[in-house]
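This report concerns only the one structure given below.
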Amino acid sequence: MASMGDTGREEAASRRVPAPVVGEGRPCALTASVKRREAWAFLGHRGQPVDDRLAARLEGAAALCERELAPRGIFRVFPVRPGVGGVVVAGTSLVLPGESIARHLRGCEYAALMAVTLGPSSEMVLRREAAVSATGGMLADACASSLVEQAAGVLNEFVDEAAAQRGCAPTWRFSPGYGDLPLSVQGSFLEALDAGRTLGMTLTAANMLVPSKSITAIVGFRDPARRGE
């Protein structure tokens, strides 16, 4: 029978190691929908009048994306620290260079790496729609862009929950290509998440994500007591 001292140590250990939230360390389905206003923005719409037929076609494209595309995502939390060449993500080969990400993660002892994608089948769906109609292809592409953005927001909520479990305040998400954080980090980023195996994500020679409707991002976990740093 465990002593009271043993029980106390076990309870303390359980408090120190938070239970993983949805999407942490394993891929998960993400329930999201196309934000119509955002889809119009991807098409360059700035509030000008829209033909009823075009509006109906966008509604059809949004419904198609919501029906046929399946957003999925994953995130993992790592210790981070300043190092030679940039912010070092402990336990991985990833180093994040540049002043922008250094400022973003200042005061953070941990950060979440997250990845979201509409999956390899999304490439086939978008090619199919473009082959049928150039306009239909553009509408489907804009709706798919909104869908993956909304899915990233859903996964971001799970990341925020993981930060709260650790008593930390999350930063907003910061993606490779923002500021002076180069796209060249994408390979090590996907490797750290095993995103090739778990989500089917790869890169082009120019470090662009495949499937194209995919997002990677970093969220810092900051100690609220160090907010002013």
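So you can find residues: chains in the structure tokens are A, B, ... in the order shown, residues in each start at 1, and ligands are numbered from 1 in order.
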message: Applying 9 Å and only C-alpha atoms, which residues near range 183-191 of chain A remain after dropping the ones on its own chain fewer than 6 positions away? List them as a list in words.
response: Thr92, Ser93, Leu94, Val95, Leu96, Pro97, Leu113, Met114, Ala115, Ser175, Pro176, Gly177, Met201, Thr202, Leu203, Ala206, Asn207, Met208, Leu209 and Thr216 of chain A
task: Could you give me the residues within range 7-201 of chain A that DSSP places in strand (DSSP E or B), as a PyMOL selection string?
output: chain A and resi 24+28-29+72-83+86-89+95-96+108-117+169-170+174
- prompt: Skipping near chain neighbours, those fewer than 6 positions away, what residues fall within 6 Å of range 28-45 of chain A using only C-alpha atoms, listed as a list in words?
  reply: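 Counting only C-alpha atoms, the residues come to Ala62, Pro71, Arg72, Gly73, Ala142, Cys143, Ser146, Leu147, Gln150 and Ala151 of chain A.
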Selected residues written out, all heavy atoms, as a short mmCIF file (atom, residue, chain, number, x, y, z; two decimals), in the first residue's frame:
```cif
data_model
loop_
_atom_site.label_atom_id
_atom_site.label_comp_id
_atom_site.auth_asym_id
_atom_site.auth_seq_id
_atom_site.Cartn_x
_atom_site.Cartn_y
_atom_site.Cartn_z
N ALA A 62 -18.46 26.81 -51.68
CA ALA A 62 -18.25 26.66 -50.23
C ALA A 62 -18.86 25.35 -49.74
O ALA A 62 -18.23 24.62 -48.95
CB ALA A 62 -18.87 27.84 -49.50
N PRO A 71 -10.40 18.85 -43.09
CA PRO A 71 -9.25 19.44 -42.39
C PRO A 71 -8.75 18.56 -41.25
O PRO A 71 -9.55 17.98 -40.50
CB PRO A 71 -9.81 20.76 -41.84
CG PRO A 71 -11.08 21.01 -42.60
CD PRO A 71 -11.61 19.66 -42.97
N ARG A 72 -7.43 18.48 -41.14
CA ARG A 72 -6.81 17.74 -40.04
C ARG A 72 -5.60 18.53 -39.56
O ARG A 72 -5.03 19.34 -40.30
CB ARG A 72 -6.37 16.33 -40.48
CG ARG A 72 -7.52 15.46 -40.94
CD ARG A 72 -7.03 14.12 -41.48
NE ARG A 72 -6.59 13.24 -40.43
CZ ARG A 72 -5.40 12.63 -40.39
NH1 ARG A 72 -4.51 12.83 -41.35
NH2 ARG A 72 -5.09 11.82 -39.40
N GLY A 73 -5.20 18.29 -38.33
CA GLY A 73 -4.06 19.02 -37.80
C GLY A 73 -3.39 18.29 -36.66
O GLY A 73 -3.88 17.28 -36.15
N ALA A 142 -10.63 29.81 -53.40
CA ALA A 142 -10.83 30.80 -52.35
C ALA A 142 -11.55 30.18 -51.15
O ALA A 142 -11.20 30.46 -49.99
CB ALA A 142 -11.63 31.98 -52.89
N CYS A 143 -12.53 29.34 -51.41
CA CYS A 143 -13.26 28.70 -50.32
C CYS A 143 -12.36 27.72 -49.56
O CYS A 143 -12.44 27.64 -48.32
CB CYS A 143 -14.50 27.98 -50.86
SG CYS A 143 -15.80 29.11 -51.42
N SER A 146 -10.16 29.69 -47.22
CA SER A 146 -10.88 30.06 -46.00
C SER A 146 -11.04 28.86 -45.08
O SER A 146 -10.87 28.99 -43.86
CB SER A 146 -12.26 30.63 -46.36
OG SER A 146 -13.01 30.87 -45.19
N LEU A 147 -11.35 27.71 -45.65
CA LEU A 147 -11.57 26.52 -44.82
C LEU A 147 -10.32 26.15 -44.03
O LEU A 147 -10.40 25.84 -42.83
CB LEU A 147 -12.01 25.35 -45.70
CG LEU A 147 -12.37 24.05 -44.97
CD1 LEU A 147 -13.55 24.27 -44.02
CD2 LEU A 147 -12.71 22.95 -45.99
N GLN A 150 -9.80 28.67 -41.22
CA GLN A 150 -10.72 28.45 -40.11
C GLN A 150 -10.32 27.20 -39.31
O GLN A 150 -10.44 27.17 -38.09
CB GLN A 150 -12.15 28.32 -40.63
CG GLN A 150 -12.69 29.60 -41.25
CD GLN A 150 -12.61 30.79 -40.31
OE1 GLN A 150 -13.09 30.73 -39.19
NE2 GLN A 150 -11.99 31.86 -40.77
N ALA A 151 -9.85 26.17 -40.01
CA ALA A 151 -9.38 24.97 -39.32
C ALA A 151 -8.16 25.27 -38.46
O ALA A 151 -8.02 24.75 -37.35
CB ALA A 151 -9.05 23.87 -40.34
#
```
- request: Please identify all polymer residues within 12 Å of Gly23 in chain A, counting only C-alpha atoms, omitting same-chain residues fewer than 5 positions from it, and present them as a VMD selection string.
  value: chain A and resid 28 to 30 72 to 77 112 to 116 152 154 to 162 193 198 to 199
field: Selection near Val87 in chain A, 12 Å with only C-alpha atoms, sequence-local residues under 5 positions removed, as a PyMOL selection string
entry: chain A and resi 78-82+92-111+181+185+218+220
For the residues in that selection, give me C-alpha atoms as a short mmCIF file (atom, residue, chain, number, x, y, z; two decimals), in the first residue's frame.
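File written: again20.cif
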```cif
data_model
loop_
_atom_site.label_atom_id
_atom_site.label_comp_id
_atom_site.auth_asym_id
_atom_site.auth_seq_id
_atom_site.Cartn_x
_atom_site.Cartn_y
_atom_site.Cartn_z
CA PHE A 78 8.71 21.95 -27.13
CA PRO A 79 11.07 23.86 -24.85
CA VAL A 80 12.66 26.81 -26.67
CA ARG A 81 15.69 28.96 -25.91
CA PRO A 82 17.89 31.54 -27.64
CA THR A 92 14.47 18.74 -32.79
CA SER A 93 16.80 19.88 -35.57
CA LEU A 94 14.80 23.09 -35.88
CA VAL A 95 16.43 26.48 -35.29
CA LEU A 96 14.30 29.55 -35.99
CA PRO A 97 16.47 32.39 -37.31
CA GLY A 98 15.65 36.07 -37.49
CA GLU A 99 14.75 39.01 -35.30
CA SER A 100 11.00 38.67 -35.89
CA ILE A 101 10.61 35.24 -34.32
CA ALA A 102 13.10 36.13 -31.56
CA ARG A 103 10.86 39.06 -30.58
CA HIS A 104 7.75 36.92 -30.89
CA LEU A 105 9.11 34.24 -28.53
CA ARG A 106 10.84 36.57 -26.07
CA GLY A 107 9.98 35.46 -22.55
CA CYS A 108 8.71 32.05 -23.72
CA GLU A 109 10.15 28.84 -22.30
CA TYR A 110 7.91 26.68 -24.50
CA ALA A 111 6.36 26.92 -27.94
CA LEU A 181 11.63 33.94 -40.62
CA VAL A 185 12.78 26.18 -41.89
CA ILE A 218 4.45 28.64 -34.04
CA GLY A 220 4.78 30.81 -27.90
#
```
field: Separation of CA of Glu68 in chain A from CA of Thr117 in chain A in Å
entry: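 Separation between CA of Thr117 in chain A and CA of Glu68 in chain A: 13.5 Å.
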Counting only C-alpha atoms, the residue of A:Val148, A:Pro170, A:Ala164, A:Pro20 that sits nearest Gly119 in chain A: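 Result for the nearest residue to Gly119 in chain A: A:Val148.
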task: Pick out the residues sitting within 12 Å of range 126-135 of chain A, and hand them over as an MDAnalysis selection string; count only C-alpha atoms, and ignore anything fewer than 2 positions along from it in its own chain.
output: chainID A and resid 43 53:55 57:58 60:61 64:65 68:69 118:124 137:145 211:213
query: So which bits of range 9-228 of chain A end up helix (DSSP H, G or I) when you DSSP the backbone, as JSON, numbers by chain?
result: {"A": [9, 10, 11, 12, 13, 14, 15, 16, 36, 37, 38, 39, 40, 41, 42, 52, 53, 54, 55, 56, 57, 58, 59, 60, 61, 62, 63, 64, 65, 66, 67, 68, 99, 100, 101, 102, 103, 104, 120, 121, 122, 123, 124, 125, 126, 127, 128, 129, 130, 131, 132, 134, 135, 136, 137, 138, 139, 140, 141, 142, 143, 144, 145, 146, 147, 148, 149, 150, 151, 152, 153, 154, 155, 156, 157, 158, 159, 160, 161, 162, 163, 164, 165, 183, 184, 185, 186, 187, 188, 189, 190, 191, 192, 193, 195, 196, 197, 198, 199, 224, 225, 226]}
task: Quote the spacing between CA of Phe174 in chain A and CA of Val89 in chain A in Å to one decimal place.
output: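 Taking CA of Phe174 in chain A as the start and CA of Val89 in chain A as the end point, the length is 14.6 Å.
You will find CA of Val210 in chain A at 20.9 Å from CA of Arg67 in chain A.
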